[in-house]
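Comments concern the structure below.
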Amino acid sequence: MAETSLPKRRTTEGPPRASGSAFLRLLRRSESARAYVMMSPTLLIMTLGIVVPFVILLVISLWTRAGFGFDTTPTLANYARSWNEPIYGTLLLRSFWISGVATAITVLLCYPMAYYVAFHVHRNKMMWIILMTLPFWTSYLLRVFAWKVILGYEGVINSGLMSAGLIEAPLSFLLYSPTAVIITLAHAWAAFAILPLYVSLEKIDRSLLEAATDLGDGPVARFFRVTLPLSMPGVIAASFLIFIPTTGDYITPALLGGPDGAMIGNLIQLQFGAVNNWPMGATLSIVLMLWIAALALVFLLVTRKVQGRIT
Amino acid sequence: MDILDQLGAVREGKLSRRKFTKGLLAAGVALTTAPLPARRALAAGGDQATYFTWGGYDIPELFGPYQEKNGALPNFAIFGGSEEALTKMRGGFVVDVSHPCNQAMPRWVQTGLFQPIDTARVANWGDVIPELVDLPGNDAEAGKVWMAPFDWGQTSVTYRTDLVELEGEESWDILWDPRYSGRLGSLASGGDAWWCGAIKAGVDFANIDTPEAFDKIAAVMREQRPLIRLYTDDTTTLEQALSAGEMVASMTWNSSAVLLQTEGVPVKFAKPKEGVLTWVCGVMIHKDAPNLDRAYDVIDSLLSVETGHFMINDWGYGHSNSKAFDKFDDATLAGLGLSKNPVEILQAGHFQQPQTQEWETRMNELFEQIKAGF
C-alpha cells in the first residue's frame, strides 16, 4: 500500500472569539484535558464515595479516643496497639483462616458446576446459569438464618441423624463454632464463584482441546495442561471475589460463630459500638485492608508461578 | 406482550442475556410501582414516634393505648446494651424515646442529648410508684424528671430443673459449673454480665470501681468463658436453647423464665444465695425528638395499666404503675417474685449503681476482650 501521509491536522482554534476563557482554550488544545472533563462525573463520584471516606478513615486512625470525643494529635499509638496486643493478631489470623478455607471449598465445589455448564450443556445455557444462581437472589441474612435452621441443635442435620439412629445426642459443634461459619460462607458466596469460573471456562477455545487430544493427551492430562491453566484468570477472580469480602464479614460470625467463631469484622463493629473507640476501629480496618492487599499479591504471584509450571 | 415469546425462547434454548435482563427490568419496575397506592394509604397520619429499646420490647402488646390513639404502632429500633445505644445516639442517631436503665441514666443525662420529661403531660403520672421516680440523678429542675420509670426486675439464672443437678442451694455457681461446659449461656451485654460476675466474685457494688474489683471480676469472667456456648443479646435465642435442651442454664432476665414456664418447659428462675441483680429501667425523650407529642403517647402507653398487666402477667416484670398490680392477688405476685412495694425486692437483691463514663468504657472494653477469648 502506498504510504500516503495524511496532512498534519492543525489543532483548530474554532471560531475566533473576542474573549476566549483560559479553560476553554486549554480544552481545545489538550486532549488529556478533554478526557478528564469527560470522565469528571465518574471521577467526582469515585472521589466522594471512595477517596474521601478512605482519607477520613486514615485521619481518624491517627487520632485517639478521649472520653466521648477525639484527641486529634496525630499518633501511631493505635497501630502500635494493633501490632502488640495479641487479640488483634489472633482474630486476624482466624479471619484469614476461616475465609481462606471457605474460599478454597467454594472454588473447589463450584468448579465442577461451572465446568459442566460450560462444556456439557449445549442448549439452555442461560437457564442453567439462572437456576444455579437462583438461591442467591434472596437476602444474605435470610440465607444465614436458613443455615441456622439446618445446623441447629434441633435442626435438619441433627434431627435427621438422630432419627436415622446414627447419633444419640445432637452434634453441638455444628453451630456456634468456626465450622458453622465456614460452612455458611462456603454456601452463601457460591454465586460469586460460579459466574467468573463459568465465564472463563466458556471462553476457552474448543479447538485447543481438540488439538491436545490429537496430540495424544488423555482427558485428565488435557484438563491439567489446557483447561486448568486457561481458566486460571477465572479461578483467581473467583478466589478474590470470595476471599476479600468474607475476611471482613460480620453477620455470619455474629449469628453463627459463637464466642470462638468471632472474626475481625465483629471486633471492628464493637469498636464503633459498645467499646466506643472509633480510632481503633479505623486502625483495624486499615490494617485489615493492608493485610488483604499483601495476601492478594502473594496469591497472584503464586498462581503465576503455578501457571508457568503447568504450561 | 413478548413474555410468551421469551418463554418460548427459553424452551427452545434461545434465551439471550439481553432479553433476559430486559425481562427482569420489566418485572422489577412492575413490582416497585404496583403496590404504591396501597402503601400510601397505610402511611396515613404522618410519622410515628420511634422507640429505641432492648431486644424483645418491640411488640404490639405494650402499645395498646398508642395504637388506639394513633392508629399504628410506633417505629422500633433495637439495641443490645445501653452503651451501644448511647454511642449510636452520640453518633447522630435521633429517636424519640429510648429505654435506658437506672445505672446508665446519669451518664445519659450528662451527654446532653435528652430533654426532661414534663410530668404534667404524662397521663398516668399520678399512679407511678414514687420510689421508682426518686432515683439518683433523676431530678431535672422545675419538678421534671429525666427518666420516667417503666419496668423493674431481676437478672438471675434460668435453669432446667430436669437437667441441672443442684449441689446444695441455688447459686450463681451453676453458670460456672464445669460439668455443664458448652451448655451454658449468657446475655452478651456487659451491663448485665459484668455485674453478675461481681456478685459471683463477691465484690460489693460500692467498690466496683476499684482496680481490685476489675481484676477479681475479670478473673471470674475468664473462668466462665470456656463454658459458655453463646453470648447473645437476643432473649428468644436463649429461651429456645433452654427449651430444646441445648443449654441447661443461662443468665437471663425474669421474663425468659416466665415465658418458658408458660410453655410448659421445666425451668426455674433461681434465687441464688449470693443474691440476684436488680434494676429499674425507664424511658427518656431525646432532645431533638421529631415527634414530641407521639413520644408522650409512647410514654403514656408504656405506663398504662393495660401494659402493666401484660408486663406482670406475661413477663413477670414489675411495672411502675401501682394500679397495674391491683388485678393480681398477693399469692400470684409472690409466685412471680414481685410485690406492690418494689423497694423491698430491689434492695433484697443487688441494685445496680450508676458509674462514671470512664468505668463504663473500661468495663465494656475489658468484657469484649474476655468474650473474644483474651
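Ordering of the C-alpha cells sets the chain letters (A, B, ...), residue numbers begin anew at 1 in every chain, and ligands are numbered from 1 in the order given.
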Counting only C-alpha atoms, which residues of chain B come no farther than 6 Å from chain A, as a list in words?
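Close to chain A, chain B has Gly13, Glu83, Glu84, Leu230, Asn364 and Glu365 of chain B.
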Give the strand (DSSP E or B) residues of region 285-345 of chain B, as assigned by DSSP on the backbone, as a list of chain:residue names.
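After running DSSP on the backbone, region 285-345 of chain B has strand (DSSP E or B) at B:Ile285, B:His286, B:Gly318, B:His319, B:Asn321.
Excluding Phe76 (chain B) itself and any same-chain residue fewer than 3 positions from it, the protein and nucleic acid residues within 9 Å of it, counting only C-alpha atoms, are B:Ala49, B:Thr50, B:Tyr51, B:Phe52, B:Thr53, B:Tyr57, B:Asp58, B:Ile59, B:Leu73.
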Run DSSP on the backbone of this structure and report the residues of region 17-168 of chain A it assigns to helix (DSSP H, G or I), as number ranges by chain.
A: 22-29, 31-61, 77-84, 86-120, 125-137, 140-151, 156-163
Suppose you want the space between CA of Glu168 (chain A) and CA of Leu227 (chain B); what is it in Å?
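Computed distance, CA of Glu168 (chain A) to CA of Leu227 (chain B), equals 21.8 Å.
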Compile the contact shell of region 262-272 of chain B as a PyMOL selection string: residues with an atom at most 12 Å away, counting only C-alpha atoms, same-chain residues fewer than 3 positions apart removed.
chain B and resi 154-164+166+168-175+196+199-200+239-245+247-259+275-278+313-316+335-337+345+348-350
